[in-house]
>>> print(open('my_file-v8.cif').read())   # mmCIF, C-alpha atoms
data_model
loop_
_atom_site.label_atom_id
_atom_site.label_comp_id
_atom_site.auth_asym_id
_atom_site.auth_seq_id
_atom_site.Cartn_x
_atom_site.Cartn_y
_atom_site.Cartn_z
CA MET W 1 63.23 41.72 110.98
CA ALA W 2 66.35 43.29 112.47
CA ASN W 3 64.67 43.49 115.89
CA TYR W 4 63.67 39.83 115.60
CA ILE W 5 67.26 38.77 114.83
CA LEU W 6 68.58 40.86 117.72
CA ARG W 7 66.08 39.31 120.14
CA ARG W 8 67.01 35.83 118.98
CA LEU W 9 70.70 36.54 119.51
CA LEU W 10 70.00 37.82 123.02
CA HIS W 11 67.87 34.75 123.79
CA MET W 12 70.78 32.54 122.75
CA ILE W 13 72.84 33.70 125.75
CA PRO W 14 70.68 32.18 128.56
CA THR W 15 70.08 29.12 126.39
CA LEU W 16 73.80 28.52 126.02
CA ILE W 17 74.29 29.04 129.75
CA LEU W 18 71.62 26.45 130.54
CA ILE W 19 73.13 24.01 128.04
CA SER W 20 76.58 24.54 129.56
CA MET W 21 75.20 23.73 133.04
CA VAL W 22 73.54 20.53 131.87
CA SER W 23 76.60 19.50 129.85
CA PHE W 24 78.96 20.07 132.77
CA VAL W 25 76.79 18.00 135.11
CA VAL W 26 76.43 15.17 132.57
CA ILE W 27 80.17 15.05 131.98
CA GLN W 28 80.75 14.80 135.74
CA ALA W 29 78.07 12.13 136.22
CA PRO W 30 80.20 8.99 135.58
CA PRO W 31 82.20 7.76 138.58
CA GLY W 32 85.72 9.08 138.89
CA ASP W 33 87.22 12.07 137.16
CA MET W 34 89.81 12.86 134.51
CA LEU W 35 92.62 11.67 136.81
CA THR W 36 91.18 8.16 136.89
CA SER W 37 93.10 7.11 133.79
CA ARG W 38 96.31 8.56 135.23
CA LEU W 39 95.77 6.56 138.42
CA ALA W 40 95.24 3.41 136.35
CA GLU W 41 98.53 4.00 134.54
CA LEU W 42 100.38 4.45 137.81
CA ALA W 43 98.75 1.28 139.19
CA GLU W 44 99.95 -0.72 136.18
CA GLN W 45 103.48 0.60 136.71
CA GLY W 46 103.35 -0.26 140.42
CA GLU W 47 103.92 3.35 141.44
CA LEU W 48 100.46 4.13 142.79
CA GLY W 49 101.52 4.26 146.41
CA SER W 50 104.84 6.09 145.96
CA GLU W 51 105.30 9.55 147.38
CA SER W 52 106.09 11.05 143.97
CA ALA W 53 102.87 9.60 142.48
CA VAL W 54 100.77 10.90 145.37
CA ALA W 55 102.37 14.34 145.06
CA GLN W 56 101.81 14.30 141.30
CA ILE W 57 98.12 13.42 141.64
CA GLU W 58 97.54 16.03 144.33
CA ALA W 59 99.28 18.67 142.24
CA LEU W 60 97.05 17.85 139.29
CA ARG W 61 93.93 17.96 141.45
CA GLU W 62 94.95 21.37 142.74
CA ARG W 63 95.82 22.58 139.24
CA TYR W 64 92.48 21.61 137.73
CA GLY W 65 90.44 22.44 140.85
CA LEU W 66 89.05 18.91 141.20
CA ASN W 67 88.94 19.18 144.99
CA ASP W 68 86.35 21.97 144.78
CA PRO W 69 82.58 21.30 144.69
CA ILE W 70 81.08 20.84 141.26
CA TYR W 71 79.29 24.19 141.27
CA VAL W 72 82.59 25.98 142.05
CA GLN W 73 84.26 24.13 139.17
CA TYR W 74 81.42 25.10 136.85
CA PHE W 75 81.39 28.80 137.73
CA ARG W 76 85.16 28.95 137.40
CA TRP W 77 84.95 27.32 133.95
CA ILE W 78 82.03 29.37 132.58
CA GLY W 79 83.46 32.57 134.08
CA LYS W 80 86.74 32.15 132.23
CA ILE W 81 84.87 31.44 129.01
CA ALA W 82 82.60 34.47 129.35
CA PHE W 83 85.14 37.05 130.51
CA GLU W 84 88.48 35.77 129.24
CA GLY W 85 87.60 33.52 126.30
CA ASP W 86 89.55 30.77 128.06
CA PHE W 87 88.02 27.29 127.66
CA GLY W 88 90.57 25.74 130.00
CA GLN W 89 93.30 23.23 129.34
CA SER W 90 92.81 19.72 128.05
CA PHE W 91 94.05 17.15 130.52
CA THR W 92 94.45 14.47 127.85
CA TYR W 93 96.38 16.52 125.29
CA GLU W 94 97.99 18.91 127.82
CA MET W 95 97.27 22.03 125.77
CA ASP W 96 94.71 24.81 125.67
CA VAL W 97 91.28 23.65 124.52
CA ILE W 98 90.78 26.65 122.24
CA GLN W 99 94.10 25.95 120.54
CA LEU W 100 93.32 22.25 120.19
CA LEU W 101 89.88 22.87 118.70
CA GLY W 102 91.13 25.76 116.59
CA GLU W 103 93.50 23.44 114.75
CA ARG W 104 90.61 21.19 113.75
CA LEU W 105 87.63 23.53 113.66
CA GLY W 106 88.37 24.92 110.20
CA LEU W 107 88.44 21.48 108.58
CA THR W 108 85.40 20.42 110.62
CA LEU W 109 83.37 23.41 109.41
CA ALA W 110 84.53 22.91 105.81
CA LEU W 111 83.53 19.25 105.92
CA THR W 112 80.18 19.97 107.61
CA LEU W 113 79.13 22.75 105.24
CA SER W 114 80.35 20.83 102.17
CA THR W 115 78.30 17.82 103.26
CA LEU W 116 75.22 20.00 103.74
CA VAL W 117 75.59 21.54 100.27
CA PHE W 118 76.16 18.10 98.73
CA THR W 119 73.07 16.74 100.47
CA TRP W 120 70.79 19.49 99.21
CA LEU W 121 72.22 19.63 95.67
CA VAL W 122 71.70 15.90 95.23
CA ALA W 123 68.52 15.31 97.21
CA ILE W 124 66.30 18.22 96.18
CA PRO W 125 66.44 17.57 92.39
CA ILE W 126 65.83 13.86 92.98
CA GLY W 127 62.91 14.66 95.28
CA ILE W 128 61.42 16.98 92.63
CA TYR W 129 61.82 14.29 89.97
CA SER W 130 60.15 11.66 92.14
CA ALA W 131 57.26 13.98 93.03
CA THR W 132 56.58 15.02 89.44
CA ARG W 133 56.75 11.39 88.23
CA PRO W 134 55.20 9.46 91.11
CA TYR W 135 55.15 5.66 91.00
CA SER W 136 57.29 5.59 87.86
CA LEU W 137 60.29 3.32 87.40
CA GLY W 138 62.66 6.18 88.27
CA ASP W 139 60.65 7.00 91.40
CA TYR W 140 60.83 3.39 92.59
CA GLY W 141 64.57 3.30 91.83
CA PHE W 142 65.30 6.44 93.83
CA THR W 143 63.07 5.18 96.64
CA LEU W 144 65.10 1.98 96.80
CA LEU W 145 68.36 3.94 96.87
CA GLY W 146 66.93 6.14 99.60
CA PHE W 147 66.09 3.17 101.81
CA VAL W 148 69.54 1.67 101.20
CA GLY W 149 71.15 4.99 102.12
CA LEU W 150 69.15 5.23 105.33
CA ALA W 151 69.93 1.65 106.32
CA THR W 152 73.67 1.71 105.61
CA PRO W 153 75.83 2.77 108.60
CA ASN W 154 78.34 5.51 107.83
CA PHE W 155 81.33 3.55 109.09
CA LEU W 156 80.42 0.55 106.88
CA LEU W 157 80.12 2.73 103.78
CA ALA W 158 83.47 4.33 104.65
CA LEU W 159 85.14 0.92 104.86
CA VAL W 160 83.62 -0.16 101.53
CA ILE W 161 84.83 2.98 99.75
CA MET W 162 88.31 2.59 101.22
CA PHE W 163 88.37 -1.04 100.09
CA PHE W 164 87.51 -0.09 96.51
CA GLN W 165 90.06 2.73 96.55
CA ILE W 166 92.81 0.29 97.45
CA THR W 167 91.82 -2.79 95.42
CA VAL W 168 90.19 -1.29 92.32
CA PHE W 169 91.67 2.18 91.88
CA GLU W 170 94.99 1.35 93.63
CA THR W 171 94.98 4.65 95.49
CA GLU W 172 98.21 5.20 97.38
CA SER W 173 96.73 7.32 100.18
CA VAL W 174 93.30 6.52 101.61
CA GLY W 175 91.64 8.04 104.61
CA GLY W 176 92.37 11.44 106.09
CA LEU W 177 91.92 14.72 104.30
CA LEU W 178 95.47 15.11 103.00
CA SER W 179 98.25 12.94 101.65
CA PRO W 180 101.21 12.40 104.00
CA ASP W 181 103.38 14.76 101.91
CA TYR W 182 101.02 17.70 102.53
CA ILE W 183 100.36 17.21 106.25
CA GLY W 184 101.86 20.18 108.06
CA ALA W 185 102.88 21.87 104.80
CA PRO W 186 101.78 25.47 104.06
CA TRP W 187 98.66 25.90 101.96
CA SER W 188 99.18 26.00 98.21
CA LEU W 189 97.26 25.15 95.06
CA ALA W 190 98.68 21.64 95.06
CA LYS W 191 97.65 21.12 98.71
CA PHE W 192 94.14 22.40 97.96
CA GLN W 193 93.84 20.00 95.02
CA ASP W 194 94.99 17.16 97.27
CA LEU W 195 92.33 18.17 99.80
CA LEU W 196 89.65 18.00 97.08
CA ALA W 197 90.91 14.55 96.08
CA HIS W 198 90.36 13.30 99.65
CA ILE W 199 87.42 15.25 101.03
CA TRP W 200 84.84 13.74 98.66
CA VAL W 201 84.96 10.43 100.55
CA PRO W 202 83.79 11.77 103.95
CA ILE W 203 81.31 14.07 102.19
CA VAL W 204 79.68 11.10 100.45
CA VAL W 205 79.84 8.91 103.57
CA ILE W 206 78.35 11.47 105.96
CA GLY W 207 75.89 12.89 103.42
CA THR W 208 74.41 9.59 102.26
CA SER W 209 71.91 9.09 105.07
CA GLY W 210 70.98 12.79 105.06
CA THR W 211 70.49 12.74 101.30
CA ALA W 212 68.14 9.77 101.51
CA SER W 213 66.09 11.48 104.23
CA VAL W 214 65.83 14.78 102.34
CA ILE W 215 64.71 12.97 99.17
CA ARG W 216 61.79 11.36 100.98
CA ILE W 217 60.76 14.60 102.70
CA MET W 218 61.00 16.67 99.50
CA ARG W 219 59.00 14.11 97.53
CA GLY W 220 56.20 13.93 100.08
CA ASN W 221 55.95 17.69 100.57
CA LEU W 222 55.93 18.47 96.86
CA LEU W 223 53.30 15.81 96.17
CA ASP W 224 51.02 17.53 98.70
CA VAL W 225 51.69 21.00 97.29
CA LEU W 226 51.11 20.00 93.66
CA GLY W 227 47.56 19.05 94.54
CA GLN W 228 46.68 22.47 95.97
CA GLN W 229 44.48 25.03 94.23
CA HIS W 230 47.10 27.68 93.51
CA ILE W 231 49.06 25.12 91.45
CA GLN W 232 45.95 24.37 89.37
CA THR W 233 45.31 28.10 88.99
CA GLY W 234 48.84 28.64 87.67
CA ARG W 235 48.41 25.90 85.11
CA ALA W 236 45.02 27.30 84.07
CA LYS W 237 46.62 30.72 83.48
CA GLY W 238 48.95 29.15 80.93
CA LEU W 239 52.18 29.17 82.93
CA THR W 240 54.83 26.68 81.91
CA GLU W 241 54.97 23.50 83.94
CA THR W 242 58.55 24.23 84.99
CA LYS W 243 57.59 27.65 86.36
CA VAL W 244 54.57 26.24 88.17
CA ILE W 245 56.62 23.51 89.82
CA VAL W 246 59.71 25.55 90.71
CA LYS W 247 58.20 28.93 91.63
CA TYR W 248 54.87 27.91 93.13
CA GLY W 249 55.51 24.32 94.18
CA VAL W 250 59.10 23.89 95.31
CA ARG W 251 59.18 27.29 97.01
CA ILE W 252 56.50 26.11 99.45
CA ALA W 253 57.47 22.44 99.64
CA ILE W 254 61.01 23.31 100.66
CA ASN W 255 59.90 25.12 103.83
CA PRO W 256 60.01 22.03 106.09
CA LEU W 257 63.52 21.28 104.85
CA VAL W 258 64.64 24.80 105.69
CA SER W 259 63.13 24.37 109.14
CA ARG W 260 65.30 21.26 109.63
CA LEU W 261 68.43 23.23 108.81
CA GLY W 262 68.98 24.01 112.47
CA LEU W 263 69.11 20.29 113.28
CA ALA W 264 71.21 19.42 110.25
CA LEU W 265 74.39 21.21 111.36
CA PRO W 266 74.81 19.55 114.79
CA ASN W 267 73.66 16.21 113.36
CA LEU W 268 76.36 16.39 110.70
CA LEU W 269 78.88 17.38 113.35
CA SER W 270 77.98 14.43 115.59
CA GLY W 271 77.65 12.05 112.66
CA ALA W 272 81.22 12.84 111.67
CA VAL W 273 82.58 11.43 114.93
CA VAL W 274 82.52 7.74 113.98
CA THR W 275 83.31 8.50 110.34
CA GLY W 276 86.24 10.64 111.44
CA ILE W 277 87.65 7.76 113.49
CA VAL W 278 87.26 5.23 110.65
CA LEU W 279 88.74 7.52 108.01
CA GLY W 280 91.33 9.09 110.30
CA LEU W 281 90.07 12.63 109.75
CA PRO W 282 91.78 15.52 111.54
CA THR W 283 88.44 16.93 112.67
CA ALA W 284 86.93 17.69 116.07
CA GLY W 285 84.88 14.48 116.26
CA PRO W 286 87.61 11.97 117.19
CA ILE W 287 89.04 14.16 119.96
CA PHE W 288 85.52 14.57 121.36
CA LEU W 289 85.26 10.80 121.76
CA THR W 290 88.67 10.77 123.42
CA ALA W 291 87.53 13.54 125.76
CA LEU W 292 84.45 11.54 126.78
CA THR W 293 86.32 8.30 127.43
CA SER W 294 88.99 10.09 129.49
CA GLN W 295 86.46 12.40 131.20
CA ASP W 296 88.35 15.45 129.95
CA MET W 297 85.61 17.82 131.12
CA TYR W 298 87.01 21.04 129.66
CA LEU W 299 87.51 19.59 126.18
CA ALA W 300 84.18 17.72 126.15
CA GLY W 301 82.33 20.74 127.52
CA ALA W 302 83.80 23.00 124.84
CA PHE W 303 82.72 20.58 122.12
CA LEU W 304 79.17 20.39 123.50
CA LEU W 305 78.98 24.18 123.64
CA LEU W 306 80.17 24.27 120.04
CA SER W 307 77.42 21.84 118.99
CA ALA W 308 74.80 23.88 120.86
CA THR W 309 76.00 27.06 119.17
CA PHE W 310 75.69 25.35 115.79
CA LEU W 311 72.15 24.31 116.68
CA LEU W 312 71.07 27.81 117.68
CA LEU W 313 72.75 29.50 114.72
CA GLY W 314 71.24 26.92 112.39
CA ASN W 315 67.75 27.60 113.76
CA LEU W 316 68.27 31.35 113.36
CA MET W 317 69.50 30.87 109.80
CA ALA W 318 66.50 28.66 109.05
CA ASP W 319 64.05 31.27 110.35
CA ILE W 320 65.64 34.00 108.25
CA LEU W 321 65.57 31.83 105.12
CA LEU W 322 61.94 30.93 105.75
CA ALA W 323 61.00 34.61 105.93
CA TRP W 324 62.84 35.22 102.67
CA LEU W 325 61.42 32.21 100.82
CA ASP W 326 57.80 32.46 101.97
CA PRO W 327 56.23 35.95 101.98
CA ARG W 328 53.46 34.63 104.23
CA ILE W 329 55.94 34.41 107.11
CA ARG W 330 56.54 37.70 108.91
CA TYR W 331 58.39 38.41 112.12
CA GLU W 332 57.23 41.48 113.98
#
>>> encode(input="my_file-v8.cif", output="structure tokens")
Amino acid sequence: MANYILRRLLHMIPTLILISMVSFVVIQAPPGDMLTSRLAELAEQGELGSESAVAQIEALRERYGLNDPIYVQYFRWIGKIAFEGDFGQSFTYEMDVIQLLGERLGLTLALTLSTLVFTWLVAIPIGIYSATRPYSLGDYGFTLLGFVGLATPNFLLALVIMFFQITVFETESVGGLLSPDYIGAPWSLAKFQDLLAHIWVPIVVIGTSGTASVIRIMRGNLLDVLGQQHIQTGRAKGLTETKVIVKYGVRIAINPLVSRLGLALPNLLSGAVVTGIVLGLPTAGPIFLTALTSQDMYLAGAFLLLSATFLLLGNLMADILLAWLDPRIRYE
């Protein structure tokens, strides 16, 4: 197993390099570059043709290496990442990318992992209930809620929750992850409690569609497993129904969900972009959208590499969990 994990980690390196190449080319594909917005600002101010504006633009092009061919720009960027840990400087925010993402990465990871835990804690028990009581009133009710959850856009649900917070519960601070009094303040018990009072909204908003999907998958998988022979054998041996369902049914039915774990992390990360904008969250999603619209290639490239790393680590985690959950799976 250790050799398998080591091989997977080594295979991640060329995969990340390939993803970085594709990402860099895609970011450069639209016409113009990250100085286009600066040129538009100068044009609006009537200073586009002035000597100072021309000197400023040329200095920026030289600073960011935009006059070089795209392959030279790429190798310079990936070389600094690999050997210096330098992701470059954001043109839009005029600060180091690693510093900019570092300020938001902690909250982004906390929100993503909390949403994943919420999704599984809610969806798996409901899926088990629906599978063990198929076509009952409760099963139909949860099925209806699942379809509603899948059909409701995240941003719409966020707006509805914020509306009820203001009109019904008269909440003073809506949106964001902290109240204005705690923004920038050092961490304390009161600040952590304030975070818990705010973070449940994005967790519910982002996790709703994922919860509905996991419920349907868990229900269908467990229904198939409960009809297999080893389940009937366990019942014939006198085992309790709870033990038969949990130990011999759920343990196998959950395998496809574990396999989807690798896709869940980047999906949650990308799904938080629109929600983060609507709720005003200090996460990495909103600045990624800003980086795309302004063609900030270093910032956007770093975010795409982060998403790819989440995908690969999620797949590795899923494979390890599958080997632990199902003894039939072995990695030589």
>>> resolve_selection(input="my_file-v8.cif", expression="the PyMOL selection byres ((chain W and resi 86) around 12)", output="compact mmCIF listing (two decimals) with C-alpha atoms, in the frame of the given file")
# COMPACT_ATOMS: atom_id res chain seq x y z
CA ARG W 76 85.16 28.95 137.40
CA TRP W 77 84.95 27.32 133.95
CA ILE W 78 82.03 29.37 132.58
CA GLY W 79 83.46 32.57 134.08
CA LYS W 80 86.74 32.15 132.23
CA ILE W 81 84.87 31.44 129.01
CA ALA W 82 82.60 34.47 129.35
CA PHE W 83 85.14 37.05 130.51
CA GLU W 84 88.48 35.77 129.24
CA GLY W 85 87.60 33.52 126.30
CA PHE W 87 88.02 27.29 127.66
CA GLY W 88 90.57 25.74 130.00
CA GLN W 89 93.30 23.23 129.34
CA SER W 90 92.81 19.72 128.05
CA MET W 95 97.27 22.03 125.77
CA ASP W 96 94.71 24.81 125.67
CA VAL W 97 91.28 23.65 124.52
CA ILE W 98 90.78 26.65 122.24
CA GLN W 99 94.10 25.95 120.54
CA TYR W 298 87.01 21.04 129.66
CA LEU W 299 87.51 19.59 126.18
CA ALA W 302 83.80 23.00 124.84
>>> resolve_selection(input="my_file-v8.cif", expression="the PyMOL selection byres ((chain W and resi 284) around 10)", output="list in words")
Leu100, Leu101, Gly102, Glu103, Arg104, Leu105, Gly106, Leu107, Thr108, Leu109, Leu269, Ser270, Ala272, Val273, Gly276, Leu281, Pro282, Thr283, Gly285, Pro286, Ile287, Phe288, Leu289 and Phe303 of chain W
>>> resolve_selection(input="my_file-v8.cif", expression="the PyMOL selection byres ((chain W and resi 142) around 9)", output="PyMOL selection string")
chain W and resi 126-127+130+137-141+143-147+212+215
>>> atom_distance(input="my_file-v8.cif", atom1="atom CA of Gly184 of chain W", atom2="atom CA of Leu111 of chain W")
18.5 Å
>>> atom_distance(input="my_file-v8.cif", atom1="atom CA of Leu156 of chain W", atom2="atom CA of Val174 of chain W")
15.1 Å
>>> closest_residue(input="my_file-v8.cif", among="W:Ser294, W:Asn3, W:Thr171, W:Asn315", to="Val258 of chain W", atoms="all atoms listed in the file")
W:Asn315
>>> closest_residue(input="my_file-v8.cif", among="W:Val201, W:Leu116, W:Ile70, W:Ile5", to="Ala29 of chain W", atoms="all atoms listed in the file")
W:Ile70
>>> atom_distance(input="my_file-v8.cif", atom1="atom CA of Tyr248 of chain W", atom2="atom CA of Ile231 of chain W")
6.7 Å
>>> residues_around(input="my_file-v8.cif", residues="segment 216-222 of chain W", least_positions_apart="6", cutoff="10 Å", atoms="only C-alpha atoms", output="PyMOL selection string")
chain W and resi 123-134+139+142-143+146-147+245+249-257
>>> decode(input="my_file-v8.cif", residues="segment 95-152 of chain W", atoms="C-alpha atoms", output="PDB file, in the first residue's frame")
ATOM      1  CA  MET W  95       0.718  41.775  -4.451  1.00  0.00           C
ATOM      2  CA  ASP W  96       2.254  38.318  -4.410  1.00  0.00           C
ATOM      3  CA  VAL W  97      -0.160  35.591  -5.488  1.00  0.00           C
ATOM      4  CA  ILE W  98       0.894  33.237  -2.689  1.00  0.00           C
ATOM      5  CA  GLN W  99       0.240  35.958  -0.120  1.00  0.00           C
ATOM      6  CA  LEU W 100      -3.115  36.841  -1.672  1.00  0.00           C
ATOM      7  CA  LEU W 101      -4.287  33.222  -1.779  1.00  0.00           C
ATOM      8  CA  GLY W 102      -2.790  32.466   1.625  1.00  0.00           C
ATOM      9  CA  GLU W 103      -5.054  35.051   3.236  1.00  0.00           C
ATOM     10  CA  ARG W 104      -8.134  33.304   1.844  1.00  0.00           C
ATOM     11  CA  LEU W 105      -7.043  29.694   1.512  1.00  0.00           C
ATOM     12  CA  GLY W 106      -7.611  28.812   5.170  1.00  0.00           C
ATOM     13  CA  LEU W 107     -11.234  29.975   5.126  1.00  0.00           C
ATOM     14  CA  THR W 108     -11.745  28.365   1.706  1.00  0.00           C
ATOM     15  CA  LEU W 109     -10.510  24.982   2.959  1.00  0.00           C
ATOM     16  CA  ALA W 110     -12.569  25.268   6.153  1.00  0.00           C
ATOM     17  CA  LEU W 111     -15.696  26.057   4.157  1.00  0.00           C
ATOM     18  CA  THR W 112     -15.047  23.297   1.592  1.00  0.00           C
ATOM     19  CA  LEU W 113     -14.354  20.549   4.133  1.00  0.00           C
ATOM     20  CA  SER W 114     -17.253  21.649   6.361  1.00  0.00           C
ATOM     21  CA  THR W 115     -19.590  21.510   3.373  1.00  0.00           C
ATOM     22  CA  LEU W 116     -18.350  18.025   2.479  1.00  0.00           C
ATOM     23  CA  VAL W 117     -18.902  16.762   6.040  1.00  0.00           C
ATOM     24  CA  PHE W 118     -22.352  18.376   6.146  1.00  0.00           C
ATOM     25  CA  THR W 119     -23.281  16.774   2.824  1.00  0.00           C
ATOM     26  CA  TRP W 120     -22.326  13.275   3.917  1.00  0.00           C
ATOM     27  CA  LEU W 121     -23.763  13.521   7.442  1.00  0.00           C
ATOM     28  CA  VAL W 122     -27.130  14.604   6.073  1.00  0.00           C
ATOM     29  CA  ALA W 123     -27.328  12.658   2.824  1.00  0.00           C
ATOM     30  CA  ILE W 124     -26.110   9.192   3.819  1.00  0.00           C
ATOM     31  CA  PRO W 125     -28.645   8.612   6.656  1.00  0.00           C
ATOM     32  CA  ILE W 126     -31.452   9.886   4.425  1.00  0.00           C
ATOM     33  CA  GLY W 127     -30.304   7.622   1.597  1.00  0.00           C
ATOM     34  CA  ILE W 128     -30.241   4.627   3.975  1.00  0.00           C
ATOM     35  CA  TYR W 129     -33.741   5.472   5.207  1.00  0.00           C
ATOM     36  CA  SER W 130     -35.099   5.773   1.675  1.00  0.00           C
ATOM     37  CA  ALA W 131     -33.479   2.492   0.595  1.00  0.00           C
ATOM     38  CA  THR W 132     -34.755   0.520   3.577  1.00  0.00           C
ATOM     39  CA  ARG W 133     -38.276   1.955   3.168  1.00  0.00           C
ATOM     40  CA  PRO W 134     -38.658   2.224  -0.593  1.00  0.00           C
ATOM     41  CA  TYR W 135     -41.789   3.833  -2.051  1.00  0.00           C
ATOM     42  CA  SER W 136     -43.000   4.894   1.389  1.00  0.00           C
ATOM     43  CA  LEU W 137     -44.324   8.348   2.192  1.00  0.00           C
ATOM     44  CA  GLY W 138     -40.965   9.342   3.701  1.00  0.00           C
ATOM     45  CA  ASP W 139     -39.117   8.068   0.632  1.00  0.00           C
ATOM     46  CA  TYR W 140     -41.322  10.129  -1.681  1.00  0.00           C
ATOM     47  CA  GLY W 141     -40.873  13.178   0.559  1.00  0.00           C
ATOM     48  CA  PHE W 142     -37.087  12.941   0.546  1.00  0.00           C
ATOM     49  CA  THR W 143     -37.132  12.312  -3.205  1.00  0.00           C
ATOM     50  CA  LEU W 144     -39.104  15.512  -3.706  1.00  0.00           C
ATOM     51  CA  LEU W 145     -36.686  17.461  -1.513  1.00  0.00           C
ATOM     52  CA  GLY W 146     -33.798  15.969  -3.458  1.00  0.00           C
ATOM     53  CA  PHE W 147     -35.191  17.139  -6.792  1.00  0.00           C
ATOM     54  CA  VAL W 148     -35.861  20.598  -5.361  1.00  0.00           C
ATOM     55  CA  GLY W 149     -32.302  20.751  -4.047  1.00  0.00           C
ATOM     56  CA  LEU W 150     -30.867  19.762  -7.415  1.00  0.00           C
ATOM     57  CA  ALA W 151     -33.010  22.269  -9.288  1.00  0.00           C
ATOM     58  CA  THR W 152     -32.412  25.279  -7.019  1.00  0.00           C
TER      59      THR W 152
END
